[in-house]
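Visitor: Please find protein.txt (compact mmCIF, C-alpha atoms (C1' of nucleotides)) on the next line:
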```txt
# COMPACT_ATOMS: atom_id res chain seq x y z
CA MET A 26 0.00 0.00 0.00
CA ALA A 27 2.22 2.74 1.27
CA GLY A 28 4.90 3.72 -1.13
CA ARG A 29 8.33 4.26 0.25
CA ARG A 30 10.27 1.80 2.36
CA ARG A 31 12.84 2.73 4.98
CA HIS A 32 16.30 1.23 5.36
CA GLY A 33 19.32 1.13 7.65
CA GLU A 34 19.82 4.12 9.91
CA GLU A 35 16.47 5.69 9.23
CA LEU A 36 14.60 2.49 9.94
CA GLU A 37 16.47 1.75 13.12
CA ARG A 38 15.96 5.24 14.45
CA ALA A 39 12.24 4.87 13.92
CA ILE A 40 12.26 1.52 15.72
CA HIS A 41 14.27 2.85 18.62
CA ALA A 42 11.91 5.76 18.99
CA ALA A 43 8.97 3.37 18.98
CA VAL A 44 10.60 1.20 21.65
CA LEU A 45 11.23 4.18 23.89
CA ALA A 46 7.68 5.39 23.46
CA GLU A 47 6.23 1.98 24.26
CA LEU A 48 8.55 1.66 27.22
CA GLU A 49 7.41 5.01 28.49
CA GLU A 50 3.74 4.29 28.06
CA ARG A 51 3.52 0.63 28.96
CA GLY A 52 6.70 -0.27 30.79
CA TYR A 53 8.99 -3.15 29.97
CA ALA A 54 6.35 -5.79 30.58
CA GLY A 55 4.00 -4.12 28.14
CA THR A 56 6.56 -3.51 25.45
CA THR A 57 5.95 -6.22 22.87
CA TYR A 58 7.29 -7.00 19.43
CA ASP A 59 3.80 -6.60 18.05
CA GLY A 60 3.36 -3.25 19.70
CA VAL A 61 6.73 -1.90 18.64
CA ALA A 62 6.28 -3.11 15.07
CA ALA A 63 2.89 -1.46 14.85
CA ARG A 64 4.08 1.82 16.30
CA ALA A 65 7.17 1.94 14.12
CA ARG A 66 5.00 1.01 11.13
CA THR A 67 7.12 -1.96 10.25
CA SER A 68 6.73 -5.69 10.86
CA LYS A 69 7.90 -8.24 13.38
CA PRO A 70 10.38 -10.06 11.15
CA VAL A 71 12.23 -6.78 10.71
CA LEU A 72 12.63 -6.62 14.47
CA TYR A 73 13.51 -10.25 14.98
CA ARG A 74 16.19 -10.12 12.30
CA ARG A 75 18.03 -7.55 14.38
CA TRP A 76 17.18 -8.34 17.99
CA PRO A 77 16.43 -11.91 18.98
CA THR A 78 15.04 -11.02 22.40
CA ARG A 79 13.02 -8.25 23.93
CA ALA A 80 15.87 -7.47 26.30
CA GLU A 81 18.25 -6.82 23.42
CA LEU A 82 15.71 -4.74 21.60
CA VAL A 83 15.03 -2.52 24.58
CA LEU A 84 18.65 -2.34 25.64
CA SER A 85 19.58 -1.31 22.12
CA ALA A 86 17.09 1.53 22.20
CA LEU A 87 18.21 2.73 25.60
CA ILE A 88 21.86 2.67 24.62
CA ALA A 89 21.14 4.45 21.35
CA ARG A 90 19.36 7.22 23.18
CA GLY A 91 22.64 7.78 24.96
CA SER A 92 23.21 7.73 28.66
CA ALA A 93 23.12 10.98 30.52
CA THR A 94 26.45 12.12 31.81
CA LEU A 95 27.13 12.34 35.48
CA ARG A 96 27.43 15.82 36.81
CA VAL A 97 30.83 16.38 38.42
CA PRO A 98 30.52 19.52 40.50
CA ASP A 99 33.35 21.64 41.86
CA THR A 100 31.97 23.37 44.91
CA GLY A 101 35.13 23.77 46.92
CA SER A 102 34.04 21.19 49.45
CA LEU A 103 34.42 17.42 49.24
CA ARG A 104 31.12 16.89 50.99
CA ASP A 105 29.20 19.01 48.53
CA ASP A 106 30.99 17.55 45.53
CA LEU A 107 30.11 14.04 46.62
CA THR A 108 26.55 14.94 47.45
CA GLY A 109 26.14 16.56 44.06
CA MET A 110 27.54 13.59 42.18
CA LEU A 111 25.37 11.11 44.02
CA ARG A 112 22.20 13.10 43.61
CA SER A 113 23.00 13.33 39.94
CA LEU A 114 23.45 9.57 39.75
CA GLY A 115 20.18 9.02 41.54
CA ARG A 116 18.32 11.17 39.06
CA ILE A 117 19.97 9.43 36.13
CA LEU A 118 19.17 5.95 37.40
CA ASP A 119 15.64 6.99 38.06
CA GLY A 120 15.41 8.53 34.60
CA VAL A 121 16.56 5.63 32.44
CA ALA A 122 13.30 3.81 33.05
CA ASP A 123 10.94 2.99 35.87
CA ARG A 124 12.24 0.55 38.47
CA PRO A 125 10.25 -2.52 37.44
CA SER A 126 11.44 -2.06 33.87
CA MET A 127 15.04 -1.69 34.95
CA LEU A 128 14.90 -4.76 37.15
CA ARG A 129 13.29 -6.88 34.51
CA LEU A 130 15.73 -5.70 31.89
CA LEU A 131 18.53 -6.69 34.23
CA ALA A 132 16.86 -10.03 34.85
CA GLU A 133 16.63 -10.87 31.17
CA SER A 134 19.90 -9.48 29.94
CA GLU A 135 22.58 -11.93 28.99
CA ALA A 136 25.97 -11.71 30.63
CA SER A 137 27.37 -10.82 27.22
CA ARG A 138 25.61 -7.48 27.46
CA ALA A 139 27.34 -6.65 30.73
CA GLU A 140 29.23 -3.73 29.27
CA SER A 141 26.12 -2.11 27.86
CA LEU A 142 24.37 -2.57 31.15
CA ARG A 143 27.25 -1.08 33.03
CA THR A 144 26.99 1.96 30.80
CA LEU A 145 23.32 2.13 31.54
CA LEU A 146 23.81 1.93 35.29
CA LEU A 147 26.67 4.37 35.36
CA ALA A 148 28.98 1.81 36.91
CA ARG A 149 31.80 3.90 35.57
CA GLY A 150 30.88 6.76 37.81
CA ALA A 151 33.70 5.81 40.13
CA GLU A 152 36.17 6.84 37.45
CA LEU A 153 34.93 10.39 37.63
CA LEU A 154 35.76 10.51 41.28
CA GLY A 155 39.48 10.99 40.72
CA PRO A 156 39.53 14.74 40.05
CA VAL A 157 37.13 15.37 42.90
CA LEU A 158 39.42 13.59 45.33
CA ASP A 159 42.49 15.32 43.93
CA ARG A 160 40.94 18.69 44.58
CA ALA A 161 40.01 17.62 48.10
CA ARG A 162 43.59 16.57 48.72
CA GLU A 163 44.88 19.92 47.49
CA ARG A 164 42.54 21.65 49.89
CA GLY A 165 43.81 19.44 52.69
CA GLU A 166 40.49 17.73 53.21
CA LEU A 167 42.04 14.35 52.56
CA GLY A 168 45.41 12.73 53.20
CA THR A 169 47.63 11.37 50.48
CA HIS A 170 47.11 7.62 50.75
CA PRO A 171 45.44 6.22 47.62
CA LEU A 172 41.98 4.71 48.05
CA PRO A 173 41.29 1.09 47.10
CA GLU A 174 38.95 0.33 44.22
CA ARG A 175 36.24 -0.93 46.54
CA ALA A 176 36.21 2.36 48.41
CA LEU A 177 36.02 4.34 45.19
CA SER A 178 33.00 2.51 43.86
CA LEU A 179 31.31 2.46 47.26
CA PRO A 180 29.24 5.65 47.02
CA PHE A 181 27.91 4.71 43.60
CA ASP A 182 27.17 1.19 44.70
CA LEU A 183 25.16 2.55 47.59
CA VAL A 184 23.04 4.75 45.37
CA ARG A 185 22.40 1.94 42.93
CA HIS A 186 21.41 -0.34 45.77
CA GLU A 187 19.03 2.22 47.21
CA VAL A 188 17.35 3.20 43.96
CA LEU A 189 17.07 -0.19 42.31
CA LEU A 190 16.85 -2.69 45.15
CA VAL A 191 15.36 -0.75 48.02
CA GLY A 192 13.20 1.20 45.62
CA ARG A 193 13.79 4.67 46.89
CA ALA A 194 13.66 7.01 43.92
CA ASP A 195 15.21 9.76 46.02
CA PRO A 196 17.96 8.07 48.02
CA ASP A 197 19.18 9.50 51.29
CA VAL A 198 22.46 10.82 49.95
CA ASP A 199 23.21 12.86 53.04
CA SER A 200 23.46 9.92 55.36
CA MET A 201 25.61 8.07 52.85
CA VAL A 202 28.07 10.91 52.65
CA THR A 203 28.03 11.87 56.32
CA ASP A 204 27.89 8.46 57.94
CA VAL A 205 29.90 6.40 55.52
CA VAL A 206 31.80 7.95 52.66
CA LEU A 207 33.42 10.95 54.31
CA PRO A 208 34.53 9.14 57.48
CA LEU A 209 35.89 6.27 55.41
CA TYR A 210 37.79 8.45 52.96
CA THR A 211 39.19 10.53 55.76
CA ALA A 212 40.41 7.47 57.60
CA LEU A 213 41.78 5.65 54.56
CA SER A 214 43.59 8.60 53.08
CA GLY A 215 45.47 9.22 56.29
CA ALA A 216 43.40 12.14 57.42
CA PRO A 217 45.23 15.37 58.13
CA ASP A 218 42.52 16.43 60.57
CA GLY A 219 42.00 13.66 63.08
CA SER A 220 38.42 14.54 63.90
CA MET B 27 -11.99 -39.22 38.24
CA ALA B 28 -9.70 -39.36 41.22
CA GLY B 29 -11.51 -39.77 44.50
CA ARG B 30 -10.39 -37.63 47.36
CA ARG B 31 -10.09 -33.89 47.26
CA ARG B 32 -7.60 -31.83 49.24
CA HIS B 33 -8.38 -28.79 51.31
CA GLY B 34 -6.79 -25.96 53.28
CA GLU B 35 -3.32 -26.65 54.61
CA GLU B 36 -2.80 -29.85 52.71
CA LEU B 37 -3.75 -28.29 49.42
CA GLU B 38 -1.64 -25.21 49.91
CA ARG B 39 1.39 -27.25 50.87
CA ALA B 40 1.07 -29.21 47.66
CA ILE B 41 0.77 -26.01 45.65
CA HIS B 42 3.76 -24.42 47.32
CA ALA B 43 5.82 -27.50 46.65
CA ALA B 44 4.78 -27.40 43.02
CA VAL B 45 5.71 -23.73 42.74
CA LEU B 46 9.15 -24.33 44.20
CA ALA B 47 9.73 -27.25 41.88
CA GLU B 48 8.67 -25.26 38.81
CA LEU B 49 10.79 -22.36 39.95
CA GLU B 50 13.76 -24.64 40.33
CA GLU B 51 13.31 -26.30 36.95
CA ARG B 52 12.12 -23.43 34.79
CA GLY B 53 12.90 -20.23 36.66
CA TYR B 54 10.45 -17.46 37.38
CA ALA B 55 9.78 -16.72 33.73
CA GLY B 56 8.84 -20.34 33.10
CA THR B 57 6.67 -20.74 36.17
CA THR B 58 3.10 -20.47 34.91
CA TYR B 59 -0.31 -20.93 36.45
CA ASP B 60 -0.96 -23.75 34.03
CA GLY B 61 2.28 -25.46 34.92
CA VAL B 62 1.83 -25.12 38.66
CA ALA B 63 -1.77 -26.29 38.51
CA ALA B 64 -0.78 -29.34 36.49
CA ARG B 65 2.11 -30.26 38.76
CA ALA B 66 0.10 -29.77 41.93
CA ARG B 67 -2.72 -31.77 40.31
CA THR B 68 -5.24 -29.03 40.85
CA SER B 69 -6.73 -26.38 38.60
CA LYS B 70 -6.07 -22.76 37.76
CA PRO B 71 -9.14 -21.30 39.47
CA VAL B 72 -7.90 -22.79 42.73
CA LEU B 73 -4.68 -20.82 42.30
CA TYR B 74 -6.31 -17.61 41.14
CA ARG B 75 -8.70 -17.61 44.08
CA ARG B 76 -5.72 -17.39 46.42
CA TRP B 77 -3.06 -15.51 44.52
CA PRO B 78 -4.10 -12.95 41.91
CA THR B 79 -0.63 -12.59 40.40
CA ARG B 80 2.33 -14.78 39.68
CA ALA B 81 4.49 -12.66 41.94
CA GLU B 82 2.23 -13.29 44.92
CA LEU B 83 2.04 -16.97 44.19
CA VAL B 84 5.79 -17.37 44.01
CA LEU B 85 6.48 -15.07 46.92
CA SER B 86 4.01 -17.02 49.01
CA ALA B 87 5.81 -20.27 48.26
CA LEU B 88 9.22 -18.81 49.01
CA ILE B 89 8.07 -17.32 52.30
CA ALA B 90 6.35 -20.55 53.29
CA ARG B 91 9.54 -22.49 52.72
CA GLY B 92 11.06 -20.26 55.35
CA SER B 93 14.09 -18.13 54.95
CA ALA B 94 17.41 -19.48 56.03
CA THR B 95 18.84 -17.88 59.11
CA LEU B 96 21.99 -15.88 58.94
CA ARG B 97 24.97 -17.47 60.58
CA VAL B 98 26.35 -15.24 63.32
CA PRO B 99 29.81 -16.57 64.11
CA ASP B 100 31.88 -15.88 67.20
CA THR B 101 35.47 -16.33 66.18
CA GLY B 102 37.13 -13.96 68.56
CA SER B 103 37.97 -11.50 65.79
CA LEU B 104 35.75 -8.81 64.34
CA ARG B 105 37.19 -9.34 60.90
CA ASP B 106 36.40 -13.02 60.87
CA ASP B 107 32.96 -12.53 62.38
CA LEU B 108 32.06 -10.02 59.68
CA THR B 109 33.52 -12.13 56.92
CA GLY B 110 31.55 -15.13 58.14
CA MET B 111 28.28 -13.24 58.32
CA LEU B 112 28.66 -11.77 54.87
CA ARG B 113 29.61 -15.04 53.26
CA SER B 114 26.59 -16.57 54.89
CA LEU B 115 24.37 -13.81 53.51
CA GLY B 116 25.85 -14.29 50.07
CA ARG B 117 25.04 -17.98 50.11
CA ILE B 118 21.52 -17.33 51.34
CA LEU B 119 20.79 -14.72 48.69
CA ASP B 120 22.17 -17.01 46.06
CA GLY B 121 20.10 -19.88 47.40
CA VAL B 122 16.64 -18.31 47.49
CA ALA B 123 16.43 -18.48 43.72
CA ASP B 124 18.55 -17.76 40.67
CA ARG B 125 19.33 -14.12 39.98
CA PRO B 126 16.97 -13.56 37.06
CA SER B 127 14.13 -14.99 39.11
CA MET B 128 14.95 -12.82 42.09
CA LEU B 129 15.15 -9.68 39.97
CA ARG B 130 11.94 -10.37 38.20
CA LEU B 131 10.17 -11.17 41.42
CA LEU B 132 11.38 -7.85 42.76
CA ALA B 133 10.24 -6.12 39.61
CA GLU B 134 6.71 -7.49 39.83
CA SER B 135 6.18 -7.31 43.55
CA GLU B 136 3.85 -4.66 44.83
CA ALA B 137 5.07 -2.24 47.45
CA SER B 138 2.58 -3.80 49.82
CA ARG B 139 4.69 -6.92 49.90
CA ALA B 140 7.75 -4.99 51.03
CA GLU B 141 7.91 -6.70 54.38
CA SER B 142 7.85 -10.17 52.87
CA LEU B 143 10.51 -9.18 50.42
CA ARG B 144 12.66 -7.75 53.15
CA THR B 145 12.44 -11.08 54.91
CA LEU B 146 13.46 -12.77 51.72
CA LEU B 147 16.44 -10.54 51.15
CA LEU B 148 17.62 -10.63 54.71
CA ALA B 149 17.38 -6.90 55.04
CA ARG B 150 17.15 -7.46 58.77
CA GLY B 151 20.66 -8.86 58.84
CA ALA B 152 21.91 -5.58 60.21
CA GLU B 153 20.03 -6.27 63.41
CA LEU B 154 22.16 -9.30 64.05
CA LEU B 155 25.25 -7.17 63.96
CA GLY B 156 24.74 -5.80 67.47
CA PRO B 157 26.18 -8.69 69.48
CA VAL B 158 29.11 -9.02 67.09
CA LEU B 159 30.04 -5.38 67.60
CA ASP B 160 29.55 -5.63 71.35
CA ARG B 161 32.01 -8.47 71.53
CA ALA B 162 34.48 -6.53 69.41
CA ARG B 163 34.19 -3.59 71.77
CA GLU B 164 34.84 -5.82 74.78
CA ARG B 165 37.96 -7.09 73.09
CA GLY B 166 39.05 -3.54 72.43
CA GLU B 167 38.82 -3.86 68.66
CA LEU B 168 36.35 -1.00 68.49
CA GLY B 169 35.78 2.21 70.40
CA THR B 170 32.61 3.02 72.26
CA HIS B 171 30.87 5.48 69.93
CA PRO B 172 27.63 4.03 68.57
CA LEU B 173 27.43 3.45 64.83
CA PRO B 174 24.75 5.13 62.72
CA GLU B 175 22.08 3.02 61.05
CA ARG B 176 23.56 3.60 57.62
CA ALA B 177 26.89 2.20 58.74
CA LEU B 178 25.25 -0.85 60.29
CA SER B 179 23.37 -1.84 57.18
CA LEU B 180 26.33 -1.04 54.93
CA PRO B 181 27.98 -4.47 54.79
CA PHE B 182 24.70 -6.19 54.01
CA ASP B 183 23.81 -3.60 51.41
CA LEU B 184 27.11 -4.21 49.70
CA VAL B 185 26.57 -7.95 49.52
CA ARG B 186 23.06 -7.53 48.16
CA HIS B 187 24.32 -5.08 45.56
CA GLU B 188 27.07 -7.43 44.48
CA VAL B 189 24.97 -10.58 44.30
CA LEU B 190 21.79 -9.16 42.79
CA LEU B 191 22.88 -6.17 40.74
CA VAL B 192 26.45 -6.94 39.76
CA GLY B 193 25.62 -10.60 39.46
CA ARG B 194 28.50 -12.09 41.34
CA ALA B 195 27.26 -15.23 43.06
CA ASP B 196 30.38 -15.28 45.19
CA PRO B 197 30.97 -11.67 46.21
CA ASP B 198 34.38 -10.43 47.19
CA VAL B 199 33.72 -10.24 50.89
CA ASP B 200 37.36 -9.77 51.80
CA SER B 201 37.72 -6.46 50.04
CA MET B 202 34.46 -5.25 51.54
CA VAL B 203 35.62 -6.01 55.04
CA THR B 204 39.22 -4.92 54.61
CA ASP B 205 38.79 -1.84 52.47
CA VAL B 206 35.50 -0.51 53.73
CA VAL B 207 33.77 -1.97 56.76
CA LEU B 208 36.67 -2.39 59.18
CA PRO B 209 38.29 1.00 58.51
CA LEU B 210 34.92 2.71 58.74
CA TYR B 211 33.86 1.02 61.96
CA THR B 212 37.23 1.67 63.50
CA ALA B 213 37.07 5.34 62.61
CA LEU B 214 33.43 5.86 63.60
CA SER B 215 33.63 4.06 66.90
CA GLY B 216 36.53 6.18 68.06
CA ALA B 217 39.20 3.59 67.42
CA PRO B 218 41.39 2.64 70.34
CA ASP B 219 44.23 1.66 68.02
CA GLY B 220 44.92 4.54 65.67
CA SER B 221 46.40 2.42 62.92
C1' DC C 15 -27.46 -38.67 60.08
C1' DT C 16 -29.03 -34.99 56.94
C1' DC C 17 -28.77 -31.30 54.49
C1' DG C 18 -26.95 -26.73 53.02
C1' DT C 19 -23.02 -24.54 51.51
C1' DA C 20 -18.36 -23.36 50.42
C1' DA C 21 -14.73 -24.74 47.92
C1' DA C 22 -12.23 -28.17 44.74
C1' DG C 23 -11.63 -29.49 40.43
C1' DA C 24 -12.57 -30.09 35.34
C1' DT C 25 -13.18 -27.87 31.13
C1' DA C 26 -13.54 -24.55 27.78
C1' DC C 27 -13.55 -19.83 26.14
C1' DG C 28 -11.61 -15.54 23.83
C1' DG C 29 -7.69 -12.85 23.78
C1' DT C 30 -2.78 -11.61 23.55
C1' DT C 31 1.94 -12.45 22.64
C1' DC C 32 5.30 -15.22 20.75
C1' DG C 33 8.47 -16.76 17.17
C1' DT C 34 8.44 -18.36 12.56
C1' DT C 35 7.21 -19.06 7.68
C1' DT C 36 5.85 -17.60 3.21
C1' DC C 37 5.43 -14.39 -0.25
C1' DT C 38 5.52 -9.96 -2.61
C1' DT C 39 7.86 -5.83 -3.70
C1' DA C 40 10.87 -1.77 -3.10
C1' DG C 41 15.43 0.14 -3.24
C1' DG C 42 20.35 0.16 -3.46
C1' DT C 43 24.31 -1.67 -6.35
C1' DC C 44 27.06 -2.73 -10.27
C1' DG D 19 18.41 -1.87 -16.68
C1' DA D 20 19.08 -6.40 -14.08
C1' DC D 21 20.16 -8.32 -9.64
C1' DC D 22 19.74 -9.20 -5.00
C1' DT D 23 19.22 -7.95 -0.41
C1' DA D 24 16.07 -6.64 2.85
C1' DA D 25 11.41 -4.37 3.95
C1' DG D 26 6.97 -5.25 4.74
C1' DA D 27 2.39 -7.87 4.83
C1' DA D 28 -0.06 -11.69 6.32
C1' DA D 29 -0.94 -15.74 8.54
C1' DC D 30 0.29 -19.83 11.40
C1' DG D 31 0.37 -22.85 15.68
C1' DA D 32 1.59 -22.77 20.24
C1' DA D 33 1.68 -21.08 24.93
C1' DC D 34 -0.14 -18.44 28.51
C1' DC D 35 -3.50 -15.54 30.45
C1' DG D 36 -7.63 -14.64 33.15
C1' DT D 37 -12.34 -15.85 33.58
C1' DA D 38 -16.77 -18.31 33.39
C1' DT D 39 -19.48 -22.41 33.86
C1' DC D 40 -20.65 -26.51 35.87
C1' DT D 41 -20.19 -30.67 38.59
C1' DT D 42 -18.72 -32.91 42.73
C1' DT D 43 -16.68 -33.38 47.11
C1' DA D 44 -15.97 -32.32 51.90
C1' DC D 45 -17.10 -29.83 55.94
C1' DG D 46 -20.22 -28.21 59.52
C1' DA D 47 -24.53 -26.88 61.70
C1' DG D 48 -28.41 -28.81 63.54
```
Represent the structure contained in this file as structure tokens.
Guide:
Amino acid sequence: MAGRRRHGEELERAIHAAVLAELEERGYAGTTYDGVAARARTSKPVLYRRWPTRAELVLSALIARGSATLRVPDTGSLRDDLTGMLRSLGRILDGVADRPSMLRLLAESEASRAESLRTLLLARGAELLGPVLDRARERGELGTHPLPERALSLPFDLVRHEVLLVGRADPDVDSMVTDVVLPLYTALSGAPDGS
Amino acid sequence: MAGRRRHGEELERAIHAAVLAELEERGYAGTTYDGVAARARTSKPVLYRRWPTRAELVLSALIARGSATLRVPDTGSLRDDLTGMLRSLGRILDGVADRPSMLRLLAESEASRAESLRTLLLARGAELLGPVLDRARERGELGTHPLPERALSLPFDLVRHEVLLVGRADPDVDSMVTDVVLPLYTALSGAPDGS
DNA sequence: CTCGTAAAGATACGGTTCGTTTCTTAGGTC
DNA sequence: GACCTAAGAAACGAACCGTATCTTTACGAG
């Protein structure tokens, strides 16, 4: 019936847009091949040729949309920098998709997609911590001992845990920073100020 | 055809057993009302009358089985006590069900079932930490300052994050204890030994 | 023991989603 | 202009869903 027929980039962009729209409206559970095909005005075989499972289809669309970048503030205080970063992460995690969708996507994603998922969950946030800590050291807020990997990823792990597992869309970042991260970093780095 | 007809307790035990068996064999995604009804030798209406959703049905069976109790060791060393508890938690989390099933159950569970889920995920593990810390204080491994709630739940949160979100069935408990929990507890409690 | 009733259990239904197959036809390539 | 890959349409059998209908069993009140 309809005349022209889309290919390559153009087609995939339309499909991705349809997936995101369905995801928004119906959630992961309600996002079906039939529904996506209809909305993108294409057909199921076109989808199946590219993405063998719903998880891959949805993941592909989410990745294509591009992950938001973590805000790395420079407030002049380690506490405020950390608080800012973690709040930013919380908003990002909450913004990718609703929690049930995220959990189910995680449940159905193959291990081979680990890297894509890590991108999605901002697991690399810890890498952005370096400059923040360097500035804190220059200000004398921290000592000079290097922090172990586990300590660096800790604040981000806590936010992920709180948003995705506990289900708190607005995690209590203050208690994380005050009760855990700051005391730990101070102790581990060989704090200049004992108290 | 068959003569006798089960009721109440007896019937529900049979259903729960069937759910657990299906869950074991096919995972959450493959556990259907049809399948459970067939295996329990009953019918779908019997299931739907009791549990309106798959999540409630499965959760009910898991809760009924009873959650394993966390091992609280007394080794004479805070490090070893913590390590033992966390390894125990890791095994329990890994043993409730496979990761995809756990995540999907979480995804589909209503907020109203939060308490049951907390039981399932051993969120109350932090409460068992009290005696362990008391003993450590008596031995002089920790100072006398009380630890904030966030710090108490921290080790358990880390294990849950690692097992369920990162997907490591055997989490790296050593680095958690060495790089995070011990230094933090020492610092927060007003460590008697500075180093 | 009798009878009323609540629940078990069997069956069948219409509907949706799944994943695949078949076939036609448009569009990019040489 | 001919070729060939892939888009798109349509239809399929199967599985699962959630519900409705109807019969039959077990329990309990009297």
Visitor: In terms of the shortest atom-to-atom distance over all atoms listed in the file, which of D:DC40, D:DA25, D:DA47, D:DA20 is closest to chain A?
Guide: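 Under the stated criterion, the closest residue is D:DA25.
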Visitor: With a distance cut-off of 12 Å and all atoms listed in the file, select the neighbouring residues of range 24-36 of chain C, excluding the residue or stretch itself and same-chain residues fewer than 6 positions from it, and output the selection as JSON, numbers by chain.
Guide: {"A": [54, 55, 56, 57, 58, 59, 60, 69, 70, 72, 73, 74, 77, 78, 79], "B": [27, 28, 63, 64, 67, 68, 69, 70, 71, 72], "D": [27, 28, 29, 30, 31, 32, 33, 34, 35, 36, 37, 38, 39, 40, 41, 42]}
Visitor: Calculate how many Å separate CA of Arg143 in chain A from CA of Ala149 in chain B, rounding to one decimal.
Guide: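 A separation of 24.8 Å between them.
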Visitor: Determine, counting all atoms listed in the file, which protein, DNA and RNA residues have an atom within 7 Å of an atom of range 161-172 of chain B; residues of the same chain fewer than 4 positions away are not included. Present the result as a compact mmCIF listing (two decimals) with C-alpha atoms, in the frame of the given file.
Guide:
```
# COMPACT_ATOMS: atom_id res chain seq x y z
CA LEU B 104 35.75 -8.81 64.34
CA PRO B 157 26.18 -8.69 69.48
CA THR B 212 37.23 1.67 63.50
CA LEU B 214 33.43 5.86 63.60
CA SER B 215 33.63 4.06 66.90
CA GLY B 216 36.53 6.18 68.06
CA ALA B 217 39.20 3.59 67.42
CA PRO B 218 41.39 2.64 70.34
```
Visitor: When you look at Met202 in chain B with a cut-off of 10 Å (counting only C-alpha atoms (C1' of nucleotides)), what residues show up, excluding the ones that are within fewer than 2 positions of it in the same chain? I need them as a list in words.
Guide: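 Final neighbour list, sorted by chain and number: Arg175, Ala176 and Leu179 of chain A; Leu108, Thr109, Leu112, Leu180, Pro181, Leu184, Val185, Pro197, Asp198, Val199, Asp200, Thr204, Asp205, Val206, Val207 and Leu208 of chain B.
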Visitor: Go ahead and write the selection's residues with C-alpha atoms as an mmCIF file, in the frame of the given file.
Guide:
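Contents of part_4.cif, as written:
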```cif
data_model
loop_
_atom_site.group_PDB
_atom_site.id
_atom_site.type_symbol
_atom_site.label_atom_id
_atom_site.label_comp_id
_atom_site.auth_asym_id
_atom_site.auth_seq_id
_atom_site.Cartn_x
_atom_site.Cartn_y
_atom_site.Cartn_z
ATOM 1 C CA ARG A 175 36.240 -0.930 46.540
ATOM 2 C CA ALA A 176 36.210 2.360 48.410
ATOM 3 C CA LEU A 179 31.310 2.460 47.260
ATOM 4 C CA LEU B 108 32.060 -10.020 59.680
ATOM 5 C CA THR B 109 33.520 -12.130 56.920
ATOM 6 C CA LEU B 112 28.660 -11.770 54.870
ATOM 7 C CA LEU B 180 26.330 -1.040 54.930
ATOM 8 C CA PRO B 181 27.980 -4.470 54.790
ATOM 9 C CA LEU B 184 27.110 -4.210 49.700
ATOM 10 C CA VAL B 185 26.570 -7.950 49.520
ATOM 11 C CA PRO B 197 30.970 -11.670 46.210
ATOM 12 C CA ASP B 198 34.380 -10.430 47.190
ATOM 13 C CA VAL B 199 33.720 -10.240 50.890
ATOM 14 C CA ASP B 200 37.360 -9.770 51.800
ATOM 15 C CA THR B 204 39.220 -4.920 54.610
ATOM 16 C CA ASP B 205 38.790 -1.840 52.470
ATOM 17 C CA VAL B 206 35.500 -0.510 53.730
ATOM 18 C CA VAL B 207 33.770 -1.970 56.760
ATOM 19 C CA LEU B 208 36.670 -2.390 59.180
#
```
Visitor: If you measure from CA of Leu49 in chain B to CA of Ala87 in chain B, what distance in Å do you get, rounded to one decimal?
Guide: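 Taking CA of Leu49 in chain B as the start and CA of Ala87 in chain B as the end point, the length is 9.9 Å.
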Visitor: Please identify all polymer residues within 10 Å of range 22-24 of chain D, counting all atoms listed in the file, omitting same-chain residues fewer than 2 positions from it, and present them as a PyMOL selection string.
Guide: (chain A and resi 32-33+71) or (chain C and resi 40-43) or (chain D and resi 20+26)
Visitor: Residues of chain B near chain A: apply a cut-off of 6 Å, count all atoms listed in the file, and supply the list as an mmCIF file with C-alpha atoms, in the frame of the given file.
Guide:
```
data_model
loop_
_atom_site.group_PDB
_atom_site.id
_atom_site.type_symbol
_atom_site.label_atom_id
_atom_site.label_comp_id
_atom_site.auth_asym_id
_atom_site.auth_seq_id
_atom_site.Cartn_x
_atom_site.Cartn_y
_atom_site.Cartn_z
ATOM 1 C CA PRO B 126 16.970 -13.560 37.060
ATOM 2 C CA LEU B 129 15.150 -9.680 39.970
ATOM 3 C CA ARG B 130 11.940 -10.370 38.200
ATOM 4 C CA ALA B 133 10.240 -6.120 39.610
ATOM 5 C CA HIS B 187 24.320 -5.080 45.560
ATOM 6 C CA LEU B 210 34.920 2.710 58.740
#
```
Visitor: In Å, rounded to a single decimal, give me how far CA of Glu141 in chain B is from CA of Glu35 in chain B.
Guide: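 Taking CA of Glu35 in chain B as the start and CA of Glu141 in chain B as the end point, the length is 22.9 Å.
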Visitor: For DG18 in chain C, list every protein, DNA or RNA residue within 12 Å, evaluated using all atoms listed in the file, and leave out those in the same chain fewer than 6 positions away; present the list as a ChimeraX atom specification.
Guide: /D:45-48
Visitor: Please identify every residue of chain C that has at least one atom no more than 9 Å from any atom of chain B, counting all atoms listed in the file, and report them as a PDB file with C-alpha atoms (C1' of nucleotides), in the frame of the given file.
Guide:
```pdb
ATOM      1  C1'  DA C  21     -14.730 -24.740  47.920  1.00  0.00           C
ATOM      2  C1'  DA C  22     -12.230 -28.170  44.740  1.00  0.00           C
ATOM      3  C1'  DG C  23     -11.630 -29.490  40.430  1.00  0.00           C
ATOM      4  C1'  DA C  24     -12.570 -30.090  35.340  1.00  0.00           C
TER       5       DA C  24
END
```
Visitor: Go ahead and find all residues with at least one atom no further than 10 Å from (20.7, 6.2, 24.9) in the file's coordinates, using all atoms listed in the file; report them as an MDAnalysis selection string.
Guide: chainID A and resid 41 45 84:93 121 144:145
Visitor: Give the answer as one residue: which of A:Ala65, A:Leu153, A:Ile117, A:Ala122 has the shortest atom-to-atom distance to Arg51 in chain A, using all atoms listed in the file?
Guide: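 Answer, going by the shortest atom-to-atom distance: A:Ala122.
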